[in-house]
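Step one of this worksheet: look at the structure below.
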Amino acid sequence: MSLNLLEISYLIASLTFIIGLKMLSHPDSARKGNLIAAVGMLIAIVATLTIFQDFDEDKILNYGLIFSGLIVGTVIGTVMAKKVQMTAMPQMVSFFNGMGGACAALIAIIEYQHHQHSTVTGFDGELLVMLLGLLIGSVSFSGSMIAYGKLEGKIKDKILPMNQAINMILLGAIIVLIIYQLFAESTPLEFYILLGLALVYGVLFVMPIGGADMPVVISLLNSFTGMAAAFGGFLYDNKAMLTGGILVGSAGTILTILMCNAMNRSLTNVLLGAFGAASTGGAKSQSGDQTVREISISDTAVLLSYSQNVVIVPGYGLAVAQAQHTCHELEKLLEEKGVEVNYAIHPVAGRMPGHMNVLLAEADVPYERLQEMEEINPKLANADVVVVIGANDVVNPAAKNDPSSPIYGMPILEVDQAKNIIILKRGMSAGYAGIENELFFFPKTRMLFGDAKDSLQKLTAEVKNV
């Protein structure tokens, strides 16, 4: 009876994960979906602590350690979630993702210690699951920690000589070790060598990747953690753990592929850590005219107020300035004047997939105003004004015009097709990819220098007076 109740609890938890994930597809239901999935996880935890002991009396639960861990984890997680700024959300996602990978690797280590005393003959499927969980969890942990350091600005991009070859050799050694342990009498030494190699590979995998490609890496590492958690579900025959891991792994993999398409990168290159290294020289502008043309707040207000169609392109600079609410206020003011306003969202704008969507949803921007790149690009030629706020690489025409550019071939928001372009920036600094943006020098481009929030506040006040 207890076993049935436990399985039913896990089934209910699995259903809440699926329902919650479905509800995350729209901002209006995302908060409720997140809460539903959280309730499902709570059900799974409570059921494990209260029912598990009843049908498996041989396994004694150390409730002191368990509740200590729950309390400490809850306090740390709550404090971090309350304090984190939207600009630092990618770092927190990387950190939490790394913790998930570490947990999966620890499960494999603990279960391997128990497995050593088993007498399995022939192919050992359980050992294979442990080895894969150890490998993927370790890569996810060390890779996520490097990603966290790079996003936080504490770790610089570094490419080792023959980086690709080293990664290939490491992968080969890892595969050989896994096969050896499956078909030969292995000792714990090989198991822990595999752990070390996996940790090193995670570091070398992420270290050379440039900032502009970091959204792909975050998504891929997230899928790794999901797969590692699913392997833990296999080991424990835990349906909730298995379902949750599969959902995270599959969603992360699909998102990785979408990100690769958006960046015009192949998944093979991502796995080898062979793409996106920061540019050392920087692409040169191909426009020929290096003149920067500025515009005043009052002229910008007049231009926007008498336009029919305005498109706003949000970027990381908008998040840094925490100007999303001010931007939404400007948007509503223009709408009252009869101006059609939409937002152009690039798949990899910001520091992680969906960063801009979450940022604008936080400011209550209507979801239907957020238009993805494929939807908005054909309309940009008819836009009277495009306002670029803190975005850089995702609007850089070098991706189309300069074969020598590191971002050449990457699909971009074609804002250069608009009738007028206004760019809000603090200065002329390069974007996250570290290359010059030739859009700054286009004859129809005007630069509005200053902090994005301050500029938008002044612009909003000026538009009211037009």
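Labels for the structure tokens follow display order: chains A, B, ..., residues from 1 in each chain, ligands from 1.
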
Which of stretch 288-450 of chain A DSSP labels strand (DSSP E or B), written as an MDAnalysis selection string = chainID A and resid 294 309:314 340:345 370:372 385:389 421:425 445:449

Grab the residues selected above and save them as a compact mmCIF listing (two decimals), in the first residue's frame with N, CA and C atoms.
# COMPACT_ATOMS: atom_id res chain seq x y z
N GLU A 294 25.00 62.60 -33.69
CA GLU A 294 24.22 62.60 -32.46
C GLU A 294 22.86 63.24 -32.67
N ASN A 309 4.96 54.28 -37.12
CA ASN A 309 5.39 52.93 -36.76
C ASN A 309 6.77 52.99 -36.11
N VAL A 310 6.84 52.62 -34.85
CA VAL A 310 8.11 52.62 -34.11
C VAL A 310 8.40 51.21 -33.62
N VAL A 311 9.64 50.79 -33.78
CA VAL A 311 10.07 49.47 -33.29
C VAL A 311 11.19 49.68 -32.28
N ILE A 312 11.04 49.07 -31.11
CA ILE A 312 12.06 49.15 -30.07
C ILE A 312 12.84 47.84 -30.01
N VAL A 313 14.16 47.93 -30.02
CA VAL A 313 15.03 46.76 -29.95
C VAL A 313 15.73 46.75 -28.59
N PRO A 314 15.27 45.93 -27.65
CA PRO A 314 15.90 45.89 -26.33
C PRO A 314 17.16 45.03 -26.33
N GLU A 340 2.04 53.27 -33.57
CA GLU A 340 2.11 51.82 -33.37
C GLU A 340 3.51 51.45 -32.89
N VAL A 341 3.60 50.79 -31.74
CA VAL A 341 4.89 50.44 -31.15
C VAL A 341 4.98 48.93 -30.96
N ASN A 342 6.08 48.35 -31.43
CA ASN A 342 6.35 46.93 -31.22
C ASN A 342 7.79 46.76 -30.76
N TYR A 343 8.07 45.58 -30.19
CA TYR A 343 9.42 45.24 -29.75
C TYR A 343 9.98 44.14 -30.63
N ALA A 344 11.22 44.31 -31.07
CA ALA A 344 11.90 43.30 -31.89
C ALA A 344 12.83 42.49 -30.98
N ILE A 345 12.57 41.19 -30.89
CA ILE A 345 13.32 40.33 -29.97
C ILE A 345 14.22 39.38 -30.75
N LEU A 370 5.70 41.73 -28.37
CA LEU A 370 7.03 41.16 -28.52
C LEU A 370 7.06 40.29 -29.77
N GLN A 371 7.78 40.72 -30.77
CA GLN A 371 7.83 40.01 -32.04
C GLN A 371 9.23 39.43 -32.26
N GLU A 372 9.27 38.15 -32.58
CA GLU A 372 10.55 37.48 -32.80
C GLU A 372 11.18 37.93 -34.10
N VAL A 385 10.82 54.68 -37.34
CA VAL A 385 11.97 54.79 -36.43
C VAL A 385 12.19 53.46 -35.73
N VAL A 386 13.45 53.04 -35.67
CA VAL A 386 13.84 51.92 -34.82
C VAL A 386 14.69 52.47 -33.69
N VAL A 387 14.29 52.18 -32.47
CA VAL A 387 15.04 52.63 -31.29
C VAL A 387 15.78 51.43 -30.70
N VAL A 388 17.10 51.46 -30.77
CA VAL A 388 17.93 50.38 -30.25
C VAL A 388 18.43 50.77 -28.87
N ILE A 389 18.03 50.00 -27.85
CA ILE A 389 18.39 50.33 -26.47
C ILE A 389 19.32 49.27 -25.90
N ILE A 421 17.14 55.41 -37.55
CA ILE A 421 17.67 54.54 -36.50
C ILE A 421 18.20 55.42 -35.37
N ILE A 422 17.72 55.19 -34.16
CA ILE A 422 18.22 55.91 -32.99
C ILE A 422 18.79 54.87 -32.02
N ILE A 423 20.03 55.08 -31.62
CA ILE A 423 20.71 54.11 -30.75
C ILE A 423 21.03 54.76 -29.42
N LEU A 424 20.49 54.18 -28.36
CA LEU A 424 20.76 54.65 -27.00
C LEU A 424 21.93 53.85 -26.44
N LYS A 425 23.05 54.55 -26.17
CA LYS A 425 24.24 53.90 -25.61
C LYS A 425 24.97 54.89 -24.71
N THR A 445 21.58 56.87 -39.06
CA THR A 445 21.69 56.51 -37.64
C THR A 445 22.02 57.74 -36.81
N ARG A 446 21.32 57.87 -35.70
CA ARG A 446 21.61 58.95 -34.75
C ARG A 446 21.88 58.32 -33.38
N MET A 447 22.92 58.81 -32.70
CA MET A 447 23.31 58.29 -31.39
C MET A 447 22.77 59.20 -30.30
N LEU A 448 22.08 58.60 -29.32
CA LEU A 448 21.61 59.32 -28.15
C LEU A 448 22.40 58.80 -26.95
N PHE A 449 23.48 59.49 -26.61
CA PHE A 449 24.40 59.00 -25.59
C PHE A 449 23.86 59.28 -24.18

Apply DSSP to the structure's backbone, then extract all residues of stretch 172-349 of chain A labelled helix (DSSP H, G or I) and return them as a short mmCIF file (atom, residue, chain, number, x, y, z; two decimals) with N, CA and C atoms, in the first residue's frame.
data_model
loop_
_atom_site.label_atom_id
_atom_site.label_comp_id
_atom_site.auth_asym_id
_atom_site.auth_seq_id
_atom_site.Cartn_x
_atom_site.Cartn_y
_atom_site.Cartn_z
N GLY A 172 37.95 11.14 -26.22
CA GLY A 172 38.35 9.78 -26.55
C GLY A 172 38.73 8.99 -25.31
N ALA A 173 39.50 9.62 -24.42
CA ALA A 173 39.91 8.96 -23.18
C ALA A 173 38.70 8.63 -22.31
N ILE A 174 37.74 9.54 -22.26
CA ILE A 174 36.53 9.32 -21.46
C ILE A 174 35.74 8.13 -22.00
N ILE A 175 35.59 8.07 -23.31
CA ILE A 175 34.85 6.96 -23.93
C ILE A 175 35.55 5.63 -23.67
N VAL A 176 36.88 5.62 -23.80
CA VAL A 176 37.65 4.40 -23.55
C VAL A 176 37.48 3.94 -22.11
N LEU A 177 37.53 4.88 -21.16
CA LEU A 177 37.37 4.53 -19.74
C LEU A 177 35.99 3.94 -19.46
N ILE A 178 34.97 4.51 -20.08
CA ILE A 178 33.61 4.00 -19.86
C ILE A 178 33.48 2.58 -20.39
N ILE A 179 33.99 2.35 -21.60
CA ILE A 179 33.92 1.01 -22.20
C ILE A 179 34.72 0.01 -21.38
N TYR A 180 35.90 0.43 -20.92
CA TYR A 180 36.74 -0.47 -20.12
C TYR A 180 36.03 -0.89 -18.84
N GLN A 181 35.39 0.06 -18.16
CA GLN A 181 34.72 -0.26 -16.90
C GLN A 181 33.49 -1.13 -17.11
N LEU A 182 32.91 -1.07 -18.31
CA LEU A 182 31.73 -1.88 -18.58
C LEU A 182 32.08 -3.33 -18.88
N PHE A 183 33.24 -3.53 -19.50
CA PHE A 183 33.56 -4.87 -19.99
C PHE A 183 34.79 -5.50 -19.35
N PRO A 188 37.91 1.25 -8.41
CA PRO A 188 37.46 2.64 -8.21
C PRO A 188 38.41 3.67 -8.80
N LEU A 189 39.69 3.30 -9.03
CA LEU A 189 40.64 4.24 -9.60
C LEU A 189 40.16 4.75 -10.95
N GLU A 190 39.72 3.82 -11.83
CA GLU A 190 39.25 4.23 -13.16
C GLU A 190 38.02 5.13 -13.05
N PHE A 191 37.17 4.82 -12.07
CA PHE A 191 35.95 5.61 -11.88
C PHE A 191 36.30 7.06 -11.53
N TYR A 192 37.26 7.23 -10.63
CA TYR A 192 37.61 8.58 -10.19
C TYR A 192 38.49 9.29 -11.22
N ILE A 193 39.21 8.54 -12.03
CA ILE A 193 39.93 9.16 -13.16
C ILE A 193 38.91 9.73 -14.14
N LEU A 194 37.83 8.97 -14.38
CA LEU A 194 36.76 9.45 -15.25
C LEU A 194 36.16 10.74 -14.69
N LEU A 195 35.96 10.79 -13.38
CA LEU A 195 35.44 12.00 -12.74
C LEU A 195 36.37 13.19 -13.00
N GLY A 196 37.66 12.99 -12.82
CA GLY A 196 38.62 14.07 -13.03
C GLY A 196 38.64 14.54 -14.47
N LEU A 197 38.65 13.60 -15.42
CA LEU A 197 38.67 13.97 -16.84
C LEU A 197 37.41 14.74 -17.23
N ALA A 198 36.26 14.31 -16.69
CA ALA A 198 35.00 14.99 -17.00
C ALA A 198 35.02 16.43 -16.47
N LEU A 199 35.54 16.62 -15.26
CA LEU A 199 35.63 17.97 -14.70
C LEU A 199 36.55 18.86 -15.55
N VAL A 200 37.68 18.30 -15.98
CA VAL A 200 38.62 19.06 -16.81
C VAL A 200 37.99 19.39 -18.16
N TYR A 201 37.28 18.42 -18.74
CA TYR A 201 36.65 18.67 -20.04
C TYR A 201 35.60 19.78 -19.92
N GLY A 202 34.84 19.81 -18.83
CA GLY A 202 33.86 20.86 -18.65
C GLY A 202 34.49 22.23 -18.65
N VAL A 203 35.67 22.35 -18.01
CA VAL A 203 36.39 23.62 -17.98
C VAL A 203 36.88 24.00 -19.38
N LEU A 204 37.55 23.07 -20.06
CA LEU A 204 38.11 23.35 -21.38
C LEU A 204 37.02 23.56 -22.43
N PHE A 205 35.86 22.98 -22.20
CA PHE A 205 34.74 23.12 -23.13
C PHE A 205 34.21 24.55 -23.14
N VAL A 206 34.11 25.17 -21.97
CA VAL A 206 33.50 26.50 -21.87
C VAL A 206 34.53 27.62 -21.96
N GLY A 211 31.74 35.67 -25.26
CA GLY A 211 30.52 36.11 -24.60
C GLY A 211 29.30 36.10 -25.49
N ALA A 212 29.46 36.42 -26.78
CA ALA A 212 28.31 36.49 -27.67
C ALA A 212 27.64 35.13 -27.84
N ASP A 213 28.38 34.06 -27.62
CA ASP A 213 27.84 32.71 -27.78
C ASP A 213 27.41 32.08 -26.46
N MET A 214 27.52 32.82 -25.36
CA MET A 214 27.23 32.25 -24.05
C MET A 214 25.79 31.78 -23.89
N PRO A 215 24.78 32.43 -24.52
CA PRO A 215 23.42 31.90 -24.40
C PRO A 215 23.30 30.44 -24.86
N VAL A 216 24.04 30.08 -25.91
CA VAL A 216 24.00 28.70 -26.39
C VAL A 216 24.58 27.76 -25.34
N VAL A 217 25.67 28.19 -24.73
CA VAL A 217 26.34 27.36 -23.74
C VAL A 217 25.45 27.13 -22.52
N ILE A 218 24.80 28.19 -22.05
CA ILE A 218 23.91 28.06 -20.89
C ILE A 218 22.80 27.06 -21.18
N SER A 219 22.22 27.17 -22.37
CA SER A 219 21.13 26.26 -22.75
C SER A 219 21.62 24.82 -22.84
N LEU A 220 22.81 24.63 -23.41
CA LEU A 220 23.35 23.28 -23.57
C LEU A 220 23.68 22.66 -22.21
N LEU A 221 24.32 23.43 -21.33
CA LEU A 221 24.65 22.91 -20.00
C LEU A 221 23.38 22.59 -19.22
N ASN A 222 22.34 23.36 -19.44
CA ASN A 222 21.06 23.08 -18.79
C ASN A 222 20.50 21.73 -19.23
N SER A 223 20.65 21.44 -20.52
CA SER A 223 20.18 20.14 -21.02
C SER A 223 21.03 19.01 -20.44
N PHE A 224 22.33 19.25 -20.25
CA PHE A 224 23.21 18.24 -19.64
C PHE A 224 22.72 17.89 -18.23
N THR A 225 22.42 18.93 -17.45
CA THR A 225 21.96 18.70 -16.08
C THR A 225 20.66 17.90 -16.07
N GLY A 226 19.77 18.22 -16.99
CA GLY A 226 18.51 17.47 -17.08
C GLY A 226 18.74 16.00 -17.37
N MET A 227 19.64 15.72 -18.31
CA MET A 227 19.94 14.33 -18.64
C MET A 227 20.57 13.60 -17.46
N ALA A 228 21.47 14.29 -16.75
CA ALA A 228 22.12 13.67 -15.59
C ALA A 228 21.09 13.36 -14.50
N ALA A 229 20.12 14.27 -14.31
CA ALA A 229 19.06 14.03 -13.33
C ALA A 229 18.20 12.84 -13.74
N ALA A 230 17.96 12.71 -15.05
CA ALA A 230 17.16 11.57 -15.55
C ALA A 230 17.87 10.25 -15.26
N PHE A 231 19.19 10.24 -15.39
CA PHE A 231 19.94 9.02 -15.06
C PHE A 231 19.79 8.67 -13.58
N GLY A 232 19.75 9.70 -12.73
CA GLY A 232 19.50 9.45 -11.31
C GLY A 232 18.12 8.85 -11.10
N GLY A 233 17.14 9.29 -11.89
CA GLY A 233 15.80 8.72 -11.81
C GLY A 233 15.78 7.25 -12.18
N PHE A 234 16.61 6.87 -13.17
CA PHE A 234 16.74 5.45 -13.54
C PHE A 234 17.30 4.64 -12.38
N LEU A 235 18.35 5.19 -11.74
CA LEU A 235 19.00 4.46 -10.66
C LEU A 235 18.05 4.19 -9.50
N TYR A 236 17.22 5.17 -9.17
CA TYR A 236 16.34 5.05 -8.02
C TYR A 236 14.93 4.61 -8.39
N LYS A 239 10.02 8.01 -10.62
CA LYS A 239 9.33 8.54 -11.80
C LYS A 239 9.37 10.06 -11.87
N ALA A 240 9.26 10.72 -10.70
CA ALA A 240 9.27 12.18 -10.69
C ALA A 240 10.63 12.71 -11.13
N MET A 241 11.69 12.10 -10.60
CA MET A 241 13.05 12.51 -10.96
C MET A 241 13.33 12.25 -12.43
N LEU A 242 12.85 11.12 -12.91
CA LEU A 242 13.04 10.76 -14.31
C LEU A 242 12.30 11.72 -15.23
N THR A 243 11.04 12.00 -14.92
CA THR A 243 10.24 12.90 -15.76
C THR A 243 10.82 14.30 -15.75
N GLY A 244 11.16 14.80 -14.56
CA GLY A 244 11.73 16.13 -14.48
C GLY A 244 13.03 16.25 -15.27
N GLY A 245 13.89 15.24 -15.15
CA GLY A 245 15.15 15.26 -15.90
C GLY A 245 14.94 15.23 -17.39
N ILE A 246 14.00 14.40 -17.85
CA ILE A 246 13.71 14.30 -19.28
C ILE A 246 13.17 15.62 -19.82
N LEU A 247 12.27 16.26 -19.05
CA LEU A 247 11.70 17.54 -19.49
C LEU A 247 12.79 18.61 -19.61
N VAL A 248 13.65 18.69 -18.59
CA VAL A 248 14.72 19.69 -18.62
C VAL A 248 15.71 19.38 -19.74
N GLY A 249 16.08 18.11 -19.86
CA GLY A 249 17.05 17.72 -20.89
C GLY A 249 16.54 17.95 -22.29
N SER A 250 15.30 17.54 -22.56
CA SER A 250 14.75 17.70 -23.91
C SER A 250 14.51 19.17 -24.24
N ALA A 251 13.95 19.93 -23.27
CA ALA A 251 13.70 21.35 -23.50
C ALA A 251 15.01 22.09 -23.75
N GLY A 252 16.04 21.76 -22.94
CA GLY A 252 17.35 22.40 -23.13
C GLY A 252 17.98 22.06 -24.46
N THR A 253 17.80 20.82 -24.90
CA THR A 253 18.37 20.40 -26.18
C THR A 253 17.69 21.11 -27.34
N ILE A 254 16.36 21.18 -27.29
CA ILE A 254 15.61 21.87 -28.35
C ILE A 254 16.00 23.35 -28.39
N LEU A 255 16.09 23.95 -27.21
CA LEU A 255 16.47 25.36 -27.16
C LEU A 255 17.90 25.57 -27.66
N THR A 256 18.79 24.63 -27.37
CA THR A 256 20.16 24.72 -27.86
C THR A 256 20.20 24.72 -29.39
N ILE A 257 19.42 23.84 -29.99
CA ILE A 257 19.37 23.77 -31.45
C ILE A 257 18.82 25.07 -32.02
N LEU A 258 17.79 25.62 -31.39
CA LEU A 258 17.22 26.89 -31.85
C LEU A 258 18.25 28.01 -31.71
N MET A 259 18.99 28.01 -30.60
CA MET A 259 20.03 29.02 -30.41
C MET A 259 21.14 28.88 -31.45
N CYS A 260 21.52 27.64 -31.75
CA CYS A 260 22.56 27.41 -32.76
C CYS A 260 22.10 27.95 -34.11
N ASN A 261 20.84 27.72 -34.45
CA ASN A 261 20.32 28.24 -35.71
C ASN A 261 20.33 29.77 -35.70
N ALA A 262 19.97 30.35 -34.55
CA ALA A 262 19.95 31.80 -34.45
C ALA A 262 21.35 32.39 -34.55
N MET A 263 22.36 31.65 -34.09
CA MET A 263 23.75 32.11 -34.13
C MET A 263 24.47 31.64 -35.38
N LEU A 267 25.85 22.41 -33.95
CA LEU A 267 25.87 21.80 -32.63
C LEU A 267 27.18 21.05 -32.40
N THR A 268 27.76 20.49 -33.46
CA THR A 268 29.04 19.79 -33.35
C THR A 268 30.13 20.73 -32.83
N ASN A 269 30.15 21.95 -33.37
CA ASN A 269 31.15 22.91 -32.91
C ASN A 269 30.92 23.31 -31.46
N VAL A 270 29.66 23.36 -31.06
CA VAL A 270 29.37 23.67 -29.66
C VAL A 270 29.94 22.59 -28.75
N LEU A 271 29.71 21.32 -29.10
CA LEU A 271 30.15 20.21 -28.28
C LEU A 271 31.67 20.13 -28.19
N ILE A 297 17.54 65.01 -27.14
CA ILE A 297 16.32 64.46 -26.56
C ILE A 297 15.09 65.07 -27.24
N SER A 298 15.08 66.39 -27.42
CA SER A 298 13.92 67.07 -28.00
C SER A 298 13.68 66.64 -29.44
N ASP A 299 14.74 66.50 -30.23
CA ASP A 299 14.58 66.07 -31.62
C ASP A 299 14.09 64.63 -31.68
N THR A 300 14.59 63.79 -30.76
CA THR A 300 14.13 62.40 -30.71
C THR A 300 12.65 62.34 -30.37
N ALA A 301 12.22 63.16 -29.41
CA ALA A 301 10.80 63.19 -29.00
C ALA A 301 9.91 63.59 -30.16
N VAL A 302 10.32 64.60 -30.92
CA VAL A 302 9.53 65.05 -32.07
C VAL A 302 9.44 63.95 -33.13
N LEU A 303 10.58 63.32 -33.42
CA LEU A 303 10.62 62.27 -34.43
C LEU A 303 9.72 61.10 -34.05
N LEU A 304 9.76 60.69 -32.79
CA LEU A 304 8.93 59.57 -32.33
C LEU A 304 7.45 59.94 -32.32
N SER A 305 7.14 61.16 -31.87
CA SER A 305 5.74 61.56 -31.72
C SER A 305 5.03 61.66 -33.06
N TYR A 316 21.02 44.11 -23.74
CA TYR A 316 21.54 43.96 -22.38
C TYR A 316 21.67 45.31 -21.67
N GLY A 317 21.96 46.37 -22.44
CA GLY A 317 22.07 47.69 -21.84
C GLY A 317 20.79 48.14 -21.18
N LEU A 318 19.65 47.73 -21.72
CA LEU A 318 18.36 48.04 -21.10
C LEU A 318 18.25 47.37 -19.74
N ALA A 319 18.74 46.12 -19.67
CA ALA A 319 18.70 45.38 -18.40
C ALA A 319 19.65 46.00 -17.39
N VAL A 320 20.84 46.39 -17.83
CA VAL A 320 21.82 46.98 -16.93
C VAL A 320 21.28 48.26 -16.30
N GLN A 324 13.44 48.95 -18.09
CA GLN A 324 12.31 48.33 -18.77
C GLN A 324 10.98 49.01 -18.45
N HIS A 325 10.80 49.44 -17.21
CA HIS A 325 9.55 50.09 -16.82
C HIS A 325 9.43 51.47 -17.48
N THR A 326 10.52 52.20 -17.54
CA THR A 326 10.52 53.50 -18.20
C THR A 326 10.26 53.35 -19.69
N CYS A 327 10.83 52.31 -20.28
CA CYS A 327 10.62 52.03 -21.70
C CYS A 327 9.14 51.74 -21.96
N HIS A 328 8.53 50.97 -21.07
CA HIS A 328 7.10 50.65 -21.23
C HIS A 328 6.25 51.91 -21.08
N GLU A 329 6.65 52.81 -20.21
CA GLU A 329 5.93 54.07 -20.04
C GLU A 329 5.98 54.89 -21.33
N LEU A 330 7.17 54.94 -21.96
CA LEU A 330 7.32 55.65 -23.23
C LEU A 330 6.46 55.01 -24.31
N GLU A 331 6.46 53.70 -24.33
CA GLU A 331 5.65 52.96 -25.31
C GLU A 331 4.17 53.31 -25.17
N LYS A 332 3.65 53.31 -23.94
CA LYS A 332 2.23 53.63 -23.71
C LYS A 332 1.92 55.06 -24.12
N LEU A 333 2.86 55.97 -23.86
CA LEU A 333 2.66 57.38 -24.22
C LEU A 333 2.59 57.55 -25.74
N LEU A 334 3.44 56.84 -26.45
CA LEU A 334 3.41 56.92 -27.91
C LEU A 334 2.13 56.31 -28.47
N GLU A 335 1.68 55.22 -27.85
CA GLU A 335 0.43 54.59 -28.28
C GLU A 335 -0.74 55.56 -28.12
N GLU A 336 -0.75 56.35 -27.05
CA GLU A 336 -1.81 57.33 -26.84
C GLU A 336 -1.81 58.40 -27.92
#

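For the residues A:Ala13, A:Asn163, A:Asp124, A:Gly101, ranking by smallest atom-to-atom distance to A:Ser138 using only C-alpha atoms places A:Gly101 first.
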
inquiry  = Need to verify the contact set: A:Phe67, 12 Å, only C-alpha atoms, exclusion of same-chain residues closer than 5 positions in sequence. Can you return it as number ranges by chain?
reply    = A: 45-46, 49, 61-62, 72-74

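Taking atom CA of A:Phe141 and atom CA of A:Ala105 as the two end points, the separation is 8.5 Å.
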
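Here atom CA of A:Ala102 and atom CA of A:Gly77 stand 16.1 Å from one another.
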
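Separating atom CA of A:Ala88 from atom CA of A:Leu151 is a distance of 8.3 Å.
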
message = Excluding A:Ala30 and its own-chain neighbours fewer than 6 positions away, which residues fall within 9 Å of it when counting only C-alpha atoms? Please give them as JSON, numbers by chain.
response = {"A": [20, 21, 22, 23, 24]}

Leaving out stretch 377-384 of chain A and any residue of its chain fewer than 3 positions from it, which residues lie within 8 Å of it when counting only C-alpha atoms, given as a tab-separated table (two decimals) with C-alpha atoms, in the first residue's frame?
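As written to disk, result.tsv reads:
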chain	number	residue	atom	x	y	z
A	307	SER	CA	5.95	58.65	-36.54
A	308	GLN	CA	3.35	56.05	-37.43
A	309	ASN	CA	5.39	52.93	-36.76
A	310	VAL	CA	8.11	52.62	-34.11
A	311	VAL	CA	10.07	49.47	-33.29
A	373	MET	CA	13.24	38.10	-35.39
A	374	GLU	CA	11.60	36.12	-38.22
A	413	LEU	CA	17.58	42.12	-36.64
A	414	GLU	CA	17.80	44.09	-39.90
A	415	VAL	CA	17.28	47.50	-38.34
A	417	GLN	CA	16.39	48.72	-43.33
A	418	ALA	CA	14.34	51.20	-41.25
A	419	LYS	CA	13.88	54.84	-42.30
A	420	ASN	CA	15.49	56.21	-39.14

ask   = Within 9 Å of A:Thr16, counting only C-alpha atoms, which residues qualify if same-chain residues fewer than 5 places away don't, as a ChimeraX atom specification?
value = /A:11,21,33,36-41

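Remark: for A:Ile107, the closest of the candidate residues A:Lys83, A:Tyr367, A:Phe441, A:Val129 is A:Val129 (distances computed over only C-alpha atoms).
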